[in-house]
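Contents: one structure, followed by commentary.
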Amino acid sequence: MSRAMFTKILVANRGEIALRVIRACQELGVKTVAVYSEADAAAPHVREADEAVLVGPAPSSQSYLVGARLIEVAKRVGAEAVHPGYGFLSERAWFARAVREAGLVFIGPPAEAIEAMGSKTAARQLAMAAGVPVVPGNTEGVKDAAEALAIAATYGFPVLLKAAAGGGGKGMRIVRTPDELAGALDSARREARNAFGDDAVYLEKYIEGPRHVEIQVLADTHGNVVHLGERECSVQRRHQKMIEEAPSVAVTPELRARMGATAVAAARAAGYVNAGTCEFLLDRDGQFYFLEMNTRIQVEHPVTELVMGLDLVQWQIRVAAGEALPFAQQEFTPRGWAIECRITSEDPENGFLPSTGRIEYLHLPSGPGVRWDGGIEAGSEVGLHYDPMLAKLIVHAPTRALAIARMRRALHELTIDGIETSRGFHLRVMDDPEFQSGDISIQWLEQRLSSLTAPRADAATLKLAAIAAALVAHEERTAGRTGSADRRGDGAPFAGATPDRPSWVAEARREGLRRS
Ligand code: ADP
């Protein structure tokens, strides 16, 4: 039975994803209730919602993570449903259950499906039972170093130790030789205990040079499950995604259909409802291995929305209200190419150290094919209480090359003054010939990091570079008048690098232009 669309939804999150959910609700004609901490009193999500309720002090453990309080607020204001966003309470089965028991609708999967996929070892067992290929490894926590050593010997080194309760790349250790194993197990356990309160660690074969390719699934309460193709998320630092795209250069229509069918099978095995994502490693031979299922909307969902032409967050809400998915699988073929860059308050030149302060000035990119999903504005205070991700810049274009060109253009338009951000880092990635070739693996960024984050020139050097650029331009003009063979005929005033014009000259010109 389909129920009517909700009239009011409580958004149990902050930042860009809270705004994203509020926007989806506004388009569906649903009222929204924001919750906020003392640190977020002036945040955009508070202003954009129809109502807003203060739920506690800045630390999330005393505000955004206090499930009982959020449920109490939802009931008090007359909301019928709760959208958890990502992070915070989104993958806590107890919260999904408590929402349900309070007579409200949790906009996400049933608590049982979250539980089934919540532990990596349980998810591996479930996947294997459903015929889904998993990375070779064990399916239970290892007892001690001796047992780990025996298991590792059967798969061969290198191996990867992983926290069963893991997430965010925590509690993971690559072990290349037997003598490193005991120490790595100790430190993985310690990290897992601190991060998740559970020190169970298991072991997988470490796959060399794979891609991270994930499949978006969408399921309703009537038994319909479709997949929405893949996202390529191989550009990672410390096992954390930084840039995502859809589709993937490594996925053919045939492979997409196979990986998609596998993801649908895993979702069905878990009794899944709502939007979810099956993560896979794809090796160089086209073999893919299930890693885990994320039982929530993901940060990178917009790239799928752009190439598939639907609103995933609206469908989360519609499915939660009981609506049946009207789609046939064959309707979903990616159109064009989408890329997302995560704009974080981190300083790439200083080991991605978190940067804090007030955003003094903000200029957002716009124009064809550009989307900004952000949670900041001029005047926003960026502190250390929450995730450093400020916004996502997403572009859509007919081809990958055009999407990269569009992202470069959009990143150049973006100005955030007052704090350090990842903007310049993303520009360098877009300019990187290896990234442009698409031939990258999950190890690519780490290997390339030092050159991608080398300090930029300071103001004095830029001034010198601008003078040098002016000289080069003058020489070119003079050469043009004398009919020299190396005259450039394209007339482009600020074209990029050429063999005889290094990219720093072009960069210096742009910088000079921006500053003047
Ligand atoms: P988390 O839940 O902590 O994010 P995942 O299992 O999703 O952990 O893995 C995070 C990332 O670590 C993957 O995207 C991939 O880059 C890398 N990774 C995970 N398992 C393996 C493996 N067996 N071999 C090589 N790399 C792996």
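Ordered as shown in the structure tokens, chains take letters A, B, and onward, while each chain numbers its residues from 1 and ligands are numbered from 1 in the order shown.
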Could the residues that lie within 6 Å of ligand 1, counting only C-alpha atoms and all ligand atoms, be listed as a list in words?
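Using only C-alpha atoms and all ligand atoms, everything at most 6 Å from ligand 1 comes to Val135, Leu160, Gly166, Gly167, Gly168, Gly169, Lys170, Glu204, Lys205, Tyr206, Ile207, His212, His239, Leu291 and Ile442 of chain A.
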Those same residues, written as a PDB file, in the first residue's frame with N, CA, C and O atoms?
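Output contents, as saved in out.pdb:
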```pdb
ATOM      1  N   VAL A 135      36.680 -10.262  -2.152  1.00  0.00           N
ATOM      2  CA  VAL A 135      38.136 -10.353  -2.140  1.00  0.00           C
ATOM      3  C   VAL A 135      38.512 -11.601  -1.331  1.00  0.00           C
ATOM      4  O   VAL A 135      37.963 -11.810  -0.243  1.00  0.00           O
ATOM      5  N   LEU A 160      45.835  -7.359   3.596  1.00  0.00           N
ATOM      6  CA  LEU A 160      45.290  -6.137   4.187  1.00  0.00           C
ATOM      7  C   LEU A 160      44.509  -6.516   5.436  1.00  0.00           C
ATOM      8  O   LEU A 160      43.608  -7.344   5.372  1.00  0.00           O
ATOM      9  N   GLY A 166      34.748  -1.469  10.402  1.00  0.00           N
ATOM     10  CA  GLY A 166      35.459  -0.348   9.787  1.00  0.00           C
ATOM     11  C   GLY A 166      34.627   0.612   8.957  1.00  0.00           C
ATOM     12  O   GLY A 166      33.510   0.319   8.553  1.00  0.00           O
ATOM     13  N   GLY A 167      35.216   1.744   8.690  1.00  0.00           N
ATOM     14  CA  GLY A 167      34.632   2.794   7.867  1.00  0.00           C
ATOM     15  C   GLY A 167      35.621   3.937   7.819  1.00  0.00           C
ATOM     16  O   GLY A 167      36.460   4.067   8.718  1.00  0.00           O
ATOM     17  N   GLY A 168      35.566   4.721   6.748  1.00  0.00           N
ATOM     18  CA  GLY A 168      36.449   5.876   6.636  1.00  0.00           C
ATOM     19  C   GLY A 168      37.927   5.507   6.587  1.00  0.00           C
ATOM     20  O   GLY A 168      38.784   6.314   6.912  1.00  0.00           O
ATOM     21  N   GLY A 169      38.206   4.270   6.154  1.00  0.00           N
ATOM     22  CA  GLY A 169      39.589   3.845   6.011  1.00  0.00           C
ATOM     23  C   GLY A 169      40.287   3.579   7.343  1.00  0.00           C
ATOM     24  O   GLY A 169      41.499   3.331   7.374  1.00  0.00           O
ATOM     25  N   LYS A 170      39.535   3.606   8.441  1.00  0.00           N
ATOM     26  CA  LYS A 170      40.180   3.414   9.756  1.00  0.00           C
ATOM     27  C   LYS A 170      40.347   1.935  10.080  1.00  0.00           C
ATOM     28  O   LYS A 170      39.541   1.103   9.710  1.00  0.00           O
ATOM     29  N   GLU A 204      42.315  -9.681   4.404  1.00  0.00           N
ATOM     30  CA  GLU A 204      41.995  -9.884   2.991  1.00  0.00           C
ATOM     31  C   GLU A 204      43.268  -9.894   2.174  1.00  0.00           C
ATOM     32  O   GLU A 204      44.259  -9.280   2.569  1.00  0.00           O
ATOM     33  N   LYS A 205      43.208 -10.519   1.027  1.00  0.00           N
ATOM     34  CA  LYS A 205      44.302 -10.387   0.071  1.00  0.00           C
ATOM     35  C   LYS A 205      44.357  -8.917  -0.335  1.00  0.00           C
ATOM     36  O   LYS A 205      43.316  -8.295  -0.572  1.00  0.00           O
ATOM     37  N   TYR A 206      45.561  -8.343  -0.393  1.00  0.00           N
ATOM     38  CA  TYR A 206      45.689  -6.965  -0.861  1.00  0.00           C
ATOM     39  C   TYR A 206      45.796  -6.989  -2.382  1.00  0.00           C
ATOM     40  O   TYR A 206      46.718  -7.590  -2.943  1.00  0.00           O
ATOM     41  N   ILE A 207      44.828  -6.373  -3.052  1.00  0.00           N
ATOM     42  CA  ILE A 207      44.806  -6.376  -4.521  1.00  0.00           C
ATOM     43  C   ILE A 207      45.672  -5.212  -5.009  1.00  0.00           C
ATOM     44  O   ILE A 207      45.466  -4.071  -4.613  1.00  0.00           O
ATOM     45  N   HIS A 212      38.540   1.520  -7.709  1.00  0.00           N
ATOM     46  CA  HIS A 212      37.360   1.444  -6.845  1.00  0.00           C
ATOM     47  C   HIS A 212      36.178   1.825  -7.729  1.00  0.00           C
ATOM     48  O   HIS A 212      36.076   2.950  -8.201  1.00  0.00           O
ATOM     49  N   HIS A 239      42.771   6.024   1.628  1.00  0.00           N
ATOM     50  CA  HIS A 239      41.544   5.240   1.442  1.00  0.00           C
ATOM     51  C   HIS A 239      40.289   6.098   1.483  1.00  0.00           C
ATOM     52  O   HIS A 239      39.192   5.596   1.675  1.00  0.00           O
ATOM     53  N   LEU A 291      33.353  -5.216  -1.896  1.00  0.00           N
ATOM     54  CA  LEU A 291      34.025  -4.742  -0.679  1.00  0.00           C
ATOM     55  C   LEU A 291      33.030  -4.600   0.461  1.00  0.00           C
ATOM     56  O   LEU A 291      33.217  -5.131   1.539  1.00  0.00           O
ATOM     57  N   ILE A 442      43.606   2.900  -7.454  1.00  0.00           N
ATOM     58  CA  ILE A 442      43.424   3.489  -6.132  1.00  0.00           C
ATOM     59  C   ILE A 442      44.756   3.928  -5.518  1.00  0.00           C
ATOM     60  O   ILE A 442      44.767   4.668  -4.545  1.00  0.00           O
TER      61      ILE A 442
END
```
Among range 280-396 of chain A, which ones does DSSP assign to alpha helix (DSSP H) (computed from the backbone)? Answer as a ChimeraX atom specification.
/A:301-308,312-320
Limited to C-alpha atoms, could you put the picked residues into a file as a PDB file, in the first residue's frame?
```pdb
ATOM      1  CA  HIS A 301      25.522  10.566  -5.523  1.00  0.00           C
ATOM      2  CA  PRO A 302      25.269  13.670  -7.773  1.00  0.00           C
ATOM      3  CA  VAL A 303      27.469  12.216 -10.536  1.00  0.00           C
ATOM      4  CA  THR A 304      24.963   9.379 -10.913  1.00  0.00           C
ATOM      5  CA  GLU A 305      22.055  11.830 -10.866  1.00  0.00           C
ATOM      6  CA  LEU A 306      23.605  13.816 -13.699  1.00  0.00           C
ATOM      7  CA  VAL A 307      24.361  10.937 -16.061  1.00  0.00           C
ATOM      8  CA  MET A 308      21.148   9.034 -15.272  1.00  0.00           C
ATOM      9  CA  LEU A 312      18.141  10.184  -5.988  1.00  0.00           C
ATOM     10  CA  VAL A 313      17.250  12.068  -2.810  1.00  0.00           C
ATOM     11  CA  GLN A 314      13.712  12.658  -4.031  1.00  0.00           C
ATOM     12  CA  TRP A 315      13.453   8.960  -4.840  1.00  0.00           C
ATOM     13  CA  GLN A 316      14.683   8.092  -1.349  1.00  0.00           C
ATOM     14  CA  ILE A 317      11.786  10.115   0.020  1.00  0.00           C
ATOM     15  CA  ARG A 318       9.224   8.748  -2.460  1.00  0.00           C
ATOM     16  CA  VAL A 319      10.262   5.144  -1.804  1.00  0.00           C
ATOM     17  CA  ALA A 320      10.090   5.764   1.961  1.00  0.00           C
TER      18      ALA A 320
END
```
Contacts of Tyr86 in chain A at 8 Å or less, counting only C-alpha atoms, minus same-chain residues fewer than 5 places along, as a list in words?
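Result of the neighbour search: Asn13, Ile17, Glu91, Arg296, Ile297, Gln298 and Val299 of chain A.
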For Arg47 in chain A, work out the shell of residues within 12 Å, counting only C-alpha atoms and skipping chain neighbours fewer than 3 positions away, then give it as a list in words.
Arg14, Gly15, Ala18, Leu19, Ile22, Thr32, Val33, Ala34, Val35, Tyr36, Asp40, Ala41, Ala42, Ala43, Pro44, Asp50, Glu51, Ala52, Val53, Gly375, Ile376 and Glu377 of chain A
Can I get the selection written as a CSV table (one decimal), in the first residue's frame, with N, CA, C and O atoms?
```csv
chain,number,residue,atom,x,y,z
A,14,ARG,N,23.6,18.2,8.9
A,14,ARG,CA,24.0,19.6,8.8
A,14,ARG,C,24.8,19.7,7.4
A,14,ARG,O,24.9,18.7,6.7
A,15,GLY,N,25.2,20.9,7.2
A,15,GLY,CA,26.1,21.1,6.0
A,15,GLY,C,25.4,20.9,4.7
A,15,GLY,O,24.2,21.0,4.6
A,18,ALA,N,22.4,18.4,4.4
A,18,ALA,CA,21.2,18.8,5.0
A,18,ALA,C,20.5,19.8,3.9
A,18,ALA,O,19.3,19.6,3.7
A,19,LEU,N,21.3,20.6,3.3
A,19,LEU,CA,20.7,21.5,2.3
A,19,LEU,C,20.2,20.7,1.1
A,19,LEU,O,19.1,21.0,0.5
A,22,ILE,N,16.9,19.3,2.0
A,22,ILE,CA,15.9,20.4,2.1
A,22,ILE,C,15.4,20.8,0.7
A,22,ILE,O,14.3,20.9,0.4
A,32,THR,N,10.1,21.2,5.9
A,32,THR,CA,11.4,20.6,6.5
A,32,THR,C,11.6,21.2,7.9
A,32,THR,O,11.3,22.4,8.1
A,33,VAL,N,12.2,20.4,8.7
A,33,VAL,CA,12.7,20.8,10.0
A,33,VAL,C,14.1,20.5,10.1
A,33,VAL,O,14.6,19.4,10.0
A,34,ALA,N,14.9,21.6,10.3
A,34,ALA,CA,16.4,21.4,10.5
A,34,ALA,C,16.7,21.3,12.0
A,34,ALA,O,15.9,21.8,12.8
A,35,VAL,N,17.7,20.5,12.3
A,35,VAL,CA,18.3,20.6,13.7
A,35,VAL,C,19.6,21.2,13.6
A,35,VAL,O,20.3,21.1,12.5
A,36,TYR,N,20.1,21.8,14.7
A,36,TYR,CA,21.4,22.4,14.6
A,36,TYR,C,22.0,22.5,16.0
A,36,TYR,O,21.3,22.5,17.0
A,40,ASP,N,26.2,25.9,14.8
A,40,ASP,CA,25.6,26.0,13.5
A,40,ASP,C,24.4,27.0,13.4
A,40,ASP,O,23.6,27.0,12.5
A,41,ALA,N,24.3,27.8,14.5
A,41,ALA,CA,23.1,28.7,14.6
A,41,ALA,C,22.9,29.5,13.3
A,41,ALA,O,21.7,29.8,12.9
A,42,ALA,N,24.0,29.9,12.7
A,42,ALA,CA,23.8,30.8,11.5
A,42,ALA,C,24.0,30.0,10.2
A,42,ALA,O,24.2,30.6,9.1
A,43,ALA,N,24.0,28.7,10.2
A,43,ALA,CA,24.3,27.9,9.0
A,43,ALA,C,23.2,28.0,8.0
A,43,ALA,O,22.0,28.1,8.4
A,44,PRO,N,23.5,27.9,6.7
A,44,PRO,CA,22.5,28.0,5.7
A,44,PRO,C,21.4,26.9,5.8
A,44,PRO,O,20.2,27.3,5.6
A,50,ASP,N,12.0,25.1,6.9
A,50,ASP,CA,10.8,25.8,7.3
A,50,ASP,C,10.9,26.1,8.8
A,50,ASP,O,10.3,27.1,9.3
A,51,GLU,N,11.4,25.1,9.6
A,51,GLU,CA,11.6,25.3,11.0
A,51,GLU,C,13.0,24.8,11.4
A,51,GLU,O,13.6,24.0,10.6
A,52,ALA,N,13.5,25.3,12.5
A,52,ALA,CA,14.8,24.8,12.9
A,52,ALA,C,14.8,24.7,14.5
A,52,ALA,O,14.2,25.5,15.1
A,53,VAL,N,15.4,23.6,15.0
A,53,VAL,CA,15.4,23.4,16.4
A,53,VAL,C,16.9,23.2,16.9
A,53,VAL,O,17.6,22.3,16.3
A,375,GLY,N,27.5,23.9,1.6
A,375,GLY,CA,26.8,24.2,2.9
A,375,GLY,C,27.5,25.4,3.5
A,375,GLY,O,27.4,25.6,4.7
A,376,ILE,N,28.1,26.2,2.7
A,376,ILE,CA,28.8,27.4,3.2
A,376,ILE,C,28.4,28.7,2.5
A,376,ILE,O,27.8,28.6,1.4
A,377,GLU,N,28.7,29.8,3.1
A,377,GLU,CA,28.4,31.1,2.4
A,377,GLU,C,29.4,32.1,3.0
A,377,GLU,O,30.2,31.7,4.0
```
Write down as an MDAnalysis selection string the residues belonging to range 100-334 of chain A that are assigned strand (DSSP E or B) by DSSP computed on the backbone.
chainID A and resid 105:106 134 137 159:163 173:175 201:205 211:219 225:237 240:246 274:282 288:294
Extract, using only C-alpha atoms, all DNA, RNA and protein residues at most 9 Å from range 190-198 of chain A, discarding same-chain residues fewer than 3 positions from it, and format them as an mmCIF file with N, CA and C atoms, in the first residue's frame.
```
data_model
loop_
_atom_site.group_PDB
_atom_site.id
_atom_site.type_symbol
_atom_site.label_atom_id
_atom_site.label_comp_id
_atom_site.auth_asym_id
_atom_site.auth_seq_id
_atom_site.Cartn_x
_atom_site.Cartn_y
_atom_site.Cartn_z
ATOM 1 N N LYS A 162 41.815 -5.481 8.164
ATOM 2 C CA LYS A 162 40.676 -4.548 8.153
ATOM 3 C C LYS A 162 39.842 -4.718 9.396
ATOM 4 N N ALA A 163 39.365 -3.588 9.922
ATOM 5 C CA ALA A 163 38.446 -3.636 11.065
ATOM 6 C C ALA A 163 37.089 -4.117 10.576
ATOM 7 N N ALA A 164 36.511 -5.101 11.274
ATOM 8 C CA ALA A 164 35.191 -5.613 10.876
ATOM 9 C C ALA A 164 34.153 -4.500 10.918
ATOM 10 N N ALA A 165 34.273 -3.613 11.906
ATOM 11 C CA ALA A 165 33.313 -2.513 12.049
ATOM 12 C C ALA A 165 33.740 -1.278 11.252
ATOM 13 N N GLY A 166 34.748 -1.469 10.402
ATOM 14 C CA GLY A 166 35.459 -0.348 9.787
ATOM 15 C C GLY A 166 34.627 0.612 8.957
ATOM 16 N N GLY A 167 35.216 1.744 8.690
ATOM 17 C CA GLY A 167 34.632 2.794 7.867
ATOM 18 C C GLY A 167 35.621 3.937 7.819
ATOM 19 N N LYS A 170 39.535 3.606 8.441
ATOM 20 C CA LYS A 170 40.180 3.414 9.756
ATOM 21 C C LYS A 170 40.347 1.935 10.080
ATOM 22 N N GLY A 171 41.426 1.635 10.795
ATOM 23 C CA GLY A 171 41.687 0.254 11.203
ATOM 24 C C GLY A 171 42.175 -0.614 10.060
ATOM 25 N N MET A 172 42.737 0.007 9.016
ATOM 26 C CA MET A 172 43.260 -0.763 7.884
ATOM 27 C C MET A 172 44.786 -0.704 7.860
ATOM 28 N N LEU A 185 48.854 -5.857 13.250
ATOM 29 C CA LEU A 185 47.606 -6.339 13.859
ATOM 30 C C LEU A 185 47.317 -5.557 15.147
ATOM 31 N N ASP A 186 48.357 -5.369 15.948
ATOM 32 C CA ASP A 186 48.202 -4.589 17.186
ATOM 33 C C ASP A 186 47.681 -3.190 16.896
ATOM 34 N N SER A 187 48.307 -2.511 15.924
ATOM 35 C CA SER A 187 47.925 -1.116 15.702
ATOM 36 C C SER A 187 46.565 -1.027 15.014
ATOM 37 N N VAL A 201 39.331 -7.610 13.916
ATOM 38 C CA VAL A 201 40.073 -7.320 12.687
ATOM 39 C C VAL A 201 40.155 -8.605 11.872
#
```
Report the distance between CA of Leu203 in chain A and CA of Met117 in chain A in Å, rounded to one decimal place.
17.5 Å
Quick one: residues within 6 Å of range 101-107 of chain A, only C-alpha atoms, excluding same-chain residues fewer than 2 positions away - as a ChimeraX atom specification?
/A:80-83,96,98-99,320
Would you kindly return, as a PyMOL selection string, each protein, DNA or RNA residue with an atom no farther than 10 Å from any atom of Gly424 in chain A, considering only C-alpha atoms and excluding same-chain residues fewer than 5 positions away?
chain A and resi 343+347-349+411-412+429-430+452-453+456
Store the residues of this selection in a file with N, CA and C atoms, as a JSON list (two decimals), in the first residue's frame.
```json
[["chain", "number", "residue", "atom", "x", "y", "z"],
["A", 343, "ILE", "N", 35.31, 19.71, -2.17],
["A", 343, "ILE", "CA", 36.00, 20.94, -1.73],
["A", 343, "ILE", "C", 36.06, 20.89, -0.20],
["A", 347, "ASP", "N", 44.56, 22.01, 3.84],
["A", 347, "ASP", "CA", 45.65, 22.65, 3.13],
["A", 347, "ASP", "C", 46.52, 21.60, 2.44],
["A", 348, "PRO", "N", 46.33, 21.38, 1.15],
["A", 348, "PRO", "CA", 47.07, 20.33, 0.46],
["A", 348, "PRO", "C", 48.59, 20.52, 0.54],
["A", 349, "GLU", "N", 49.02, 21.78, 0.61],
["A", 349, "GLU", "CA", 50.47, 22.02, 0.65],
["A", 349, "GLU", "C", 51.07, 21.69, 2.01],
["A", 411, "LEU", "N", 36.59, 25.37, -11.52],
["A", 411, "LEU", "CA", 37.51, 25.55, -10.40],
["A", 411, "LEU", "C", 38.18, 26.92, -10.47],
["A", 412, "HIS", "N", 38.48, 27.37, -11.70],
["A", 412, "HIS", "CA", 39.06, 28.71, -11.86],
["A", 412, "HIS", "C", 38.08, 29.78, -11.43],
["A", 429, "VAL", "N", 45.08, 18.19, -10.36],
["A", 429, "VAL", "CA", 44.66, 16.86, -10.82],
["A", 429, "VAL", "C", 44.05, 16.96, -12.22],
["A", 430, "MET", "N", 43.20, 17.96, -12.43],
["A", 430, "MET", "CA", 42.56, 18.11, -13.75],
["A", 430, "MET", "C", 43.60, 18.35, -14.83],
["A", 452, "LEU", "N", 51.73, 16.73, -6.84],
["A", 452, "LEU", "CA", 50.45, 17.44, -6.94],
["A", 452, "LEU", "C", 50.25, 18.44, -5.81],
["A", 453, "THR", "N", 51.06, 18.33, -4.76],
["A", 453, "THR", "CA", 50.87, 19.24, -3.62],
["A", 453, "THR", "C", 52.10, 20.09, -3.33],
["A", 456, "ARG", "N", 52.97, 26.12, -3.94],
["A", 456, "ARG", "CA", 52.84, 27.05, -5.05],
["A", 456, "ARG", "C", 53.76, 28.23, -4.84]]
```
Atomic separation - CA of Glu244 in chain A relative to CA of Gln443 in chain A, Å
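Distance between the two atoms: 14.7 Å.
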Using CA of Pro210 in chain A and CA of Gly271 in chain A as the two end points, give the distance in Å to one decimal.
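Pair CA of Pro210 in chain A / CA of Gly271 in chain A returns 29.1 Å.
Using only C-alpha atoms, the shortest contact distance between Gln287 in chain A and any of A:Pro110, A:Pro365, A:Pro133, A:Pro84 is found at A:Pro133.
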